[in-house]
Amino acid sequence: MKTDYTTNTADHANHLNEARSKKEGVRPITELDPDISVEEAYKIQLHTIERNVQSGQRITGKKIGLTSKVMQEALGVDEPDYGHLLDGMQVKNGGTISLDRVLQPKVEGEIAFILKRDLEGPGVTALDVLKATDAVVPALEIIDSRIKDWKITLADTVADNASSGLYLLGEIPTKIEDIDLKQMGMALYKNGILQNTGVGAAALGDPARCVAWLANKLSRYGITLKAGEVILSGALSSAVEAGPGDHFYAKFAGLEEVRVSFDEYEER
């Protein structure tokens with residue numbers, strides 16, 4: 001993973017990093033640079049990830065966003081986006097998140113793929129994904145935005161690592177042949193109250209298709225999905241806002257529950 005970067009790329013990456021360091025949202029990249037393209041936004045993301053890796057963090061996988069038609073239509077796009085997962089982003093199932101780690105978090109329920117072999121595009125199919133998958137586990141993704149008040153366009157969220165925050169995984173792996181990914185139901189609860197439900201087919205019709213899209217998209221940047229990586233395949237329902245003291249859990253048909261809590265008080 002190595003890309004040629006412009007001065008603007010570094011400046012925009014620093015702008016987003018300022019939100020992380022100051023613990024407050026910043027203006028959208030697209031306000032600072034109205035002509036920025038999505039391809040340029042991906043370069044900003046990769047620039048930030050490379051700096052994180054150089055500082056000692058490790059890439060553990062990828063996440064896919066905008067897999068639902070509703071979200072694509074809201075941002076005026078016709079395909080998903082993606083971001084990188086780093087080892088410092090993972091939370092233990094059942095763990096508590098300190099609110100000094102996030103800015104404006106929301107929680108989503110997803111199916112995570114754990115790969116047993118590399119996937120390198122172009123030309124990857126959903127069947128290739130199934131053959132390359134060691135197991136799946138339920139997951140919660142805590143999406144977050146460094147852009148103030150979530151006032152984002154596609155380029156803004158792409159530059160911001162696809163609005164990645166934190167994630168947690170179930171601890172009981174399930175073989176791909178033992179489940180029906182498209183028909184798997186999910187129910188997301190906040191403070192014991194059902195918030196929404198979803199099904200695997202909500203993610204581009206098939207979560208495996210989402211992973212295939214990612215492998216093919218990444219081939220443009222010379223990036224391969226690696227054996228052992230975790231791939232968050234996309235939200236099965238809408239994201240739910242999280243605040244101090246909130247507790248979330250998601251039930252997946254045939255899989256274990258995944259849970260996370262947020263601290264009672266902010267530590268800013």
# chains A, B, ... in the order shown; residues from 1 in each chain; ligands from 1
>>> residues_around(residues="A:Glu229", least_positions_apart="4", cutoff="12 Å", atoms="only C-alpha atoms", output="list in words")
Arg58, Ile59, Thr60, Gly61, Lys62, Lys63, His84, Leu85, Leu86, Asp87, Ala112, Phe113, Ile114, Leu115, Lys116, Arg117, Asp118, Leu119, Ala132, Thr133, Asp134, Ala135, Val136, Val211, Thr224 and Leu225 of chain A
>>> write_last_selection(atoms="N, CA and C atoms", output="PDB file, in the first residue's frame")
ATOM      1  N   ARG A  58      -1.555  -1.754  13.398  1.00  0.00           N
ATOM      2  CA  ARG A  58      -1.605  -2.874  12.464  1.00  0.00           C
ATOM      3  C   ARG A  58      -2.978  -2.957  11.812  1.00  0.00           C
ATOM      4  N   ILE A  59      -3.008  -3.151  10.497  1.00  0.00           N
ATOM      5  CA  ILE A  59      -4.269  -3.324   9.789  1.00  0.00           C
ATOM      6  C   ILE A  59      -4.817  -4.714  10.087  1.00  0.00           C
ATOM      7  N   THR A  60      -6.053  -4.785  10.589  1.00  0.00           N
ATOM      8  CA  THR A  60      -6.672  -6.066  10.917  1.00  0.00           C
ATOM      9  C   THR A  60      -7.754  -6.460   9.921  1.00  0.00           C
ATOM     10  N   GLY A  61      -8.135  -5.539   9.055  1.00  0.00           N
ATOM     11  CA  GLY A  61      -9.162  -5.864   8.080  1.00  0.00           C
ATOM     12  C   GLY A  61      -9.713  -4.620   7.420  1.00  0.00           C
ATOM     13  N   LYS A  62     -10.914  -4.761   6.864  1.00  0.00           N
ATOM     14  CA  LYS A  62     -11.572  -3.663   6.157  1.00  0.00           C
ATOM     15  C   LYS A  62     -13.042  -3.614   6.566  1.00  0.00           C
ATOM     16  N   LYS A  63     -13.661  -2.484   6.310  1.00  0.00           N
ATOM     17  CA  LYS A  63     -15.101  -2.330   6.533  1.00  0.00           C
ATOM     18  C   LYS A  63     -15.740  -1.793   5.264  1.00  0.00           C
ATOM     19  N   HIS A  84     -10.538   1.151   6.451  1.00  0.00           N
ATOM     20  CA  HIS A  84      -9.603   0.191   7.049  1.00  0.00           C
ATOM     21  C   HIS A  84      -9.895  -0.006   8.534  1.00  0.00           C
ATOM     22  N   LEU A  85      -9.670  -1.222   9.001  1.00  0.00           N
ATOM     23  CA  LEU A  85      -9.744  -1.539  10.423  1.00  0.00           C
ATOM     24  C   LEU A  85      -8.322  -1.665  10.963  1.00  0.00           C
ATOM     25  N   LEU A  86      -8.089  -1.085  12.129  1.00  0.00           N
ATOM     26  CA  LEU A  86      -6.790  -1.167  12.791  1.00  0.00           C
ATOM     27  C   LEU A  86      -6.951  -1.859  14.136  1.00  0.00           C
ATOM     28  N   ASP A  87      -5.845  -2.433  14.632  1.00  0.00           N
ATOM     29  CA  ASP A  87      -5.941  -3.217  15.868  1.00  0.00           C
ATOM     30  C   ASP A  87      -6.424  -2.385  17.047  1.00  0.00           C
ATOM     31  N   ALA A 112     -19.532 -10.286   9.978  1.00  0.00           N
ATOM     32  CA  ALA A 112     -18.103 -10.168   9.705  1.00  0.00           C
ATOM     33  C   ALA A 112     -17.571 -11.467   9.116  1.00  0.00           C
ATOM     34  N   PHE A 113     -16.779 -11.343   8.078  1.00  0.00           N
ATOM     35  CA  PHE A 113     -16.118 -12.471   7.436  1.00  0.00           C
ATOM     36  C   PHE A 113     -14.678 -12.546   7.925  1.00  0.00           C
ATOM     37  N   ILE A 114     -14.218 -13.738   8.255  1.00  0.00           N
ATOM     38  CA  ILE A 114     -12.817 -13.959   8.595  1.00  0.00           C
ATOM     39  C   ILE A 114     -12.221 -14.810   7.476  1.00  0.00           C
ATOM     40  N   LEU A 115     -11.231 -14.277   6.793  1.00  0.00           N
ATOM     41  CA  LEU A 115     -10.705 -14.928   5.600  1.00  0.00           C
ATOM     42  C   LEU A 115      -9.638 -15.973   5.938  1.00  0.00           C
ATOM     43  N   LYS A 116      -9.626 -17.045   5.152  1.00  0.00           N
ATOM     44  CA  LYS A 116      -8.588 -18.076   5.302  1.00  0.00           C
ATOM     45  C   LYS A 116      -7.612 -18.060   4.137  1.00  0.00           C
ATOM     46  N   ARG A 117      -7.950 -17.298   3.094  1.00  0.00           N
ATOM     47  CA  ARG A 117      -7.031 -17.126   1.976  1.00  0.00           C
ATOM     48  C   ARG A 117      -7.212 -15.731   1.388  1.00  0.00           C
ATOM     49  N   ASP A 118      -6.204 -15.311   0.641  1.00  0.00           N
ATOM     50  CA  ASP A 118      -6.243 -13.970   0.056  1.00  0.00           C
ATOM     51  C   ASP A 118      -7.337 -13.867  -1.004  1.00  0.00           C
ATOM     52  N   LEU A 119      -7.846 -12.649  -1.171  1.00  0.00           N
ATOM     53  CA  LEU A 119      -8.771 -12.327  -2.259  1.00  0.00           C
ATOM     54  C   LEU A 119      -8.202 -11.120  -3.002  1.00  0.00           C
ATOM     55  N   ALA A 132     -13.139 -18.477   0.106  1.00  0.00           N
ATOM     56  CA  ALA A 132     -11.993 -17.889   0.809  1.00  0.00           C
ATOM     57  C   ALA A 132     -12.287 -17.602   2.272  1.00  0.00           C
ATOM     58  N   THR A 133     -13.530 -17.828   2.713  1.00  0.00           N
ATOM     59  CA  THR A 133     -13.934 -17.484   4.074  1.00  0.00           C
ATOM     60  C   THR A 133     -13.743 -18.657   5.022  1.00  0.00           C
ATOM     61  N   ASP A 134     -13.038 -18.418   6.105  1.00  0.00           N
ATOM     62  CA  ASP A 134     -12.856 -19.444   7.132  1.00  0.00           C
ATOM     63  C   ASP A 134     -14.111 -19.566   7.983  1.00  0.00           C
ATOM     64  N   ALA A 135     -14.674 -18.422   8.383  1.00  0.00           N
ATOM     65  CA  ALA A 135     -15.865 -18.419   9.244  1.00  0.00           C
ATOM     66  C   ALA A 135     -16.464 -17.026   9.236  1.00  0.00           C
ATOM     67  N   VAL A 136     -17.686 -16.936   9.756  1.00  0.00           N
ATOM     68  CA  VAL A 136     -18.315 -15.639   9.978  1.00  0.00           C
ATOM     69  C   VAL A 136     -18.644 -15.506  11.463  1.00  0.00           C
ATOM     70  N   VAL A 211     -18.322  -8.221  -0.052  1.00  0.00           N
ATOM     71  CA  VAL A 211     -16.889  -8.513   0.083  1.00  0.00           C
ATOM     72  C   VAL A 211     -16.249  -8.649  -1.291  1.00  0.00           C
ATOM     73  N   THR A 224      -4.712  -6.083  -1.615  1.00  0.00           N
ATOM     74  CA  THR A 224      -5.331  -7.404  -1.590  1.00  0.00           C
ATOM     75  C   THR A 224      -5.928  -7.674  -0.213  1.00  0.00           C
ATOM     76  N   LEU A 225      -7.099  -8.293  -0.177  1.00  0.00           N
ATOM     77  CA  LEU A 225      -7.638  -8.759   1.105  1.00  0.00           C
ATOM     78  C   LEU A 225      -6.834  -9.984   1.533  1.00  0.00           C
TER      79      LEU A 225
END
>>> residues_around(residues="A:Ser68", least_positions_apart="2", cutoff="10 Å", atoms="only C-alpha atoms", output="list in words")
Gly65, Leu66, Val70, Met71, Gln72, Glu73, Asp78, Glu79, Pro80, Ala201, Ala202, Ala203, Leu204, Gly205, Gly234, Ala235, Leu236, Ser237 and Ser238 of chain A
>>> residues_around(residues="A:Arg146", least_positions_apart="3", cutoff="7 Å", atoms="only C-alpha atoms", output="compact mmCIF listing (two decimals) with C-alpha atoms, in the first residue's frame")
# COMPACT_ATOMS: atom_id res chain seq x y z
CA LEU A 16 -9.31 15.32 9.98
CA ALA A 19 -10.68 16.49 15.09
CA ARG A 20 -9.20 13.37 16.66
CA GLY A 25 -15.76 17.82 14.87
CA VAL A 26 -14.29 19.86 12.02
CA ASP A 160 -12.55 9.98 6.94
>>> residues_around(residues="A:Leu255", least_positions_apart="6", cutoff="8 Å", atoms="only C-alpha atoms", output="list in words")
Val137, Pro138, Ile172 and Thr174 of chain A
>>> write_last_selection(atoms="C-alpha atoms", output="PDB file, in the first residue's frame")
ATOM      1  CA  VAL A 137     -19.102 -13.972  13.296  1.00  0.00           C
ATOM      2  CA  PRO A 138     -21.680 -11.375  14.354  1.00  0.00           C
ATOM      3  CA  ILE A 172     -17.867 -18.160  18.354  1.00  0.00           C
ATOM      4  CA  THR A 174     -19.569 -20.264  12.365  1.00  0.00           C
TER       5      THR A 174
END
>>> closest_atom_pairs(of="stretch 111-189 of chain A", to="stretch 9-14 of chain A", cutoff="12 Å", atoms="only C-alpha atoms", output="CSV")
residue,atom,partner,partner_atom,distance
A:Arg146,CA,A:Ala13,CA,11.0
A:Ile147,CA,A:His12,CA,12.0
A:Ala155,CA,A:His12,CA,11.6
A:Asp156,CA,A:His12,CA,10.2
A:Val158,CA,A:Ala13,CA,11.4
A:Ala159,CA,A:Ala13,CA,7.7
A:Asp160,CA,A:Ala13,CA,8.3
A:Asn161,CA,A:Ala13,CA,10.3
>>> residues_around(residues="A:Ser261", least_positions_apart="4", cutoff="8 Å", atoms="only C-alpha atoms", output="list in words")
Gly94, Gly95, Thr96, Ile97, Gly245, Asp246, His247 and Phe248 of chain A
>>> write_last_selection(atoms="C-alpha atoms", output="mmCIF file, in the first residue's frame")
data_model
loop_
_atom_site.group_PDB
_atom_site.id
_atom_site.type_symbol
_atom_site.label_atom_id
_atom_site.label_comp_id
_atom_site.auth_asym_id
_atom_site.auth_seq_id
_atom_site.Cartn_x
_atom_site.Cartn_y
_atom_site.Cartn_z
ATOM 1 C CA GLY A 94 -19.448 -7.129 26.095
ATOM 2 C CA GLY A 95 -16.933 -4.352 26.691
ATOM 3 C CA THR A 96 -17.453 -0.716 27.661
ATOM 4 C CA ILE A 97 -16.348 2.169 25.474
ATOM 5 C CA GLY A 245 -24.648 5.208 29.647
ATOM 6 C CA ASP A 246 -26.241 3.544 26.601
ATOM 7 C CA HIS A 247 -26.165 -0.234 26.245
ATOM 8 C CA PHE A 248 -26.518 -2.052 22.926
#
>>> atom_distance(atom1="atom CA of A:Lys23", atom2="atom CA of A:Arg101")
8.5 Å
>>> select_by_dssp(residues="stretch 213-251 of chain A", states="alpha helix (DSSP H)", output="MDAnalysis selection string")
chainID A and resid 213:218
>>> closest_residue(among="A:Ala41, A:Leu218, A:Met186, A:Val77", to="A:Gly109", atoms="only C-alpha atoms")
A:Met186
>>> atom_distance(atom1="atom CA of A:Tyr249", atom2="atom CA of A:Trp150")
23.4 Å
>>> closest_residue(among="A:Val258, A:Leu194, A:Leu232, A:Leu154", to="A:Thr30", atoms="only C-alpha atoms")
A:Leu154
>>> residues_around(residues="A:Leu140", least_positions_apart="3", cutoff="9 Å", atoms="only C-alpha atoms", output="VMD selection string")
chain A and resid 93 107 to 111 166 to 170 235 249 to 250 258 to 260
>>> write_last_selection(atoms="N, CA and C atoms", output="compact mmCIF listing (two decimals), in the first residue's frame")
# COMPACT_ATOMS: atom_id res chain seq x y z
N ASN A 93 -16.11 -8.12 22.93
CA ASN A 93 -17.56 -8.33 23.03
C ASN A 93 -18.00 -8.21 24.49
N VAL A 107 -24.27 3.04 16.29
CA VAL A 107 -24.03 1.59 16.34
C VAL A 107 -24.80 0.89 15.23
N GLU A 108 -24.14 -0.06 14.58
CA GLU A 108 -24.73 -0.87 13.52
C GLU A 108 -24.46 -2.35 13.77
N GLY A 109 -25.39 -3.21 13.36
CA GLY A 109 -25.19 -4.65 13.40
C GLY A 109 -24.78 -5.17 12.04
N GLU A 110 -23.75 -6.03 12.00
CA GLU A 110 -23.21 -6.50 10.74
C GLU A 110 -22.76 -7.96 10.85
N ILE A 111 -22.51 -8.55 9.69
CA ILE A 111 -21.90 -9.88 9.61
C ILE A 111 -20.44 -9.69 9.21
N LEU A 166 -14.99 2.25 15.94
CA LEU A 166 -14.56 1.05 16.64
C LEU A 166 -15.40 -0.14 16.15
N TYR A 167 -15.01 -1.34 16.57
CA TYR A 167 -15.81 -2.51 16.21
C TYR A 167 -15.59 -3.61 17.22
N LEU A 168 -16.55 -4.51 17.31
CA LEU A 168 -16.37 -5.69 18.14
C LEU A 168 -16.95 -6.90 17.42
N LEU A 169 -16.40 -8.06 17.74
CA LEU A 169 -16.76 -9.31 17.07
C LEU A 169 -17.25 -10.33 18.08
N GLY A 170 -18.15 -11.19 17.62
CA GLY A 170 -18.50 -12.37 18.41
C GLY A 170 -17.30 -13.29 18.52
N ALA A 235 -23.83 -2.72 7.13
CA ALA A 235 -24.93 -2.70 8.10
C ALA A 235 -26.17 -3.39 7.55
N TYR A 249 -27.18 -4.26 22.26
CA TYR A 249 -26.89 -5.64 21.88
C TYR A 249 -27.65 -5.98 20.62
N ALA A 250 -27.10 -6.94 19.88
CA ALA A 250 -27.72 -7.38 18.64
C ALA A 250 -27.86 -8.89 18.67
N VAL A 258 -24.05 -10.06 20.39
CA VAL A 258 -22.90 -9.18 20.59
C VAL A 258 -23.39 -7.94 21.34
N ARG A 259 -22.58 -7.47 22.30
CA ARG A 259 -23.00 -6.41 23.20
C ARG A 259 -21.90 -5.37 23.38
N VAL A 260 -22.32 -4.14 23.64
CA VAL A 260 -21.36 -3.10 23.98
C VAL A 260 -22.08 -2.03 24.80
>>> closest_residue(among="A:Ala215, A:Ile231, A:Val38, A:Ala74", to="A:Asp128", atoms="only C-alpha atoms")
A:Ala215
>>> closest_residue(among="A:Pro244, A:Tyr189, A:Ser233, A:Pro28", to="A:Glu257", atoms="only C-alpha atoms")
A:Tyr189
>>> residues_around(residues="A:Lys217", least_positions_apart="6", cutoff="10 Å", atoms="only C-alpha atoms", output="ChimeraX atom specification")
/A:80-82,120-122,124,211,223-224
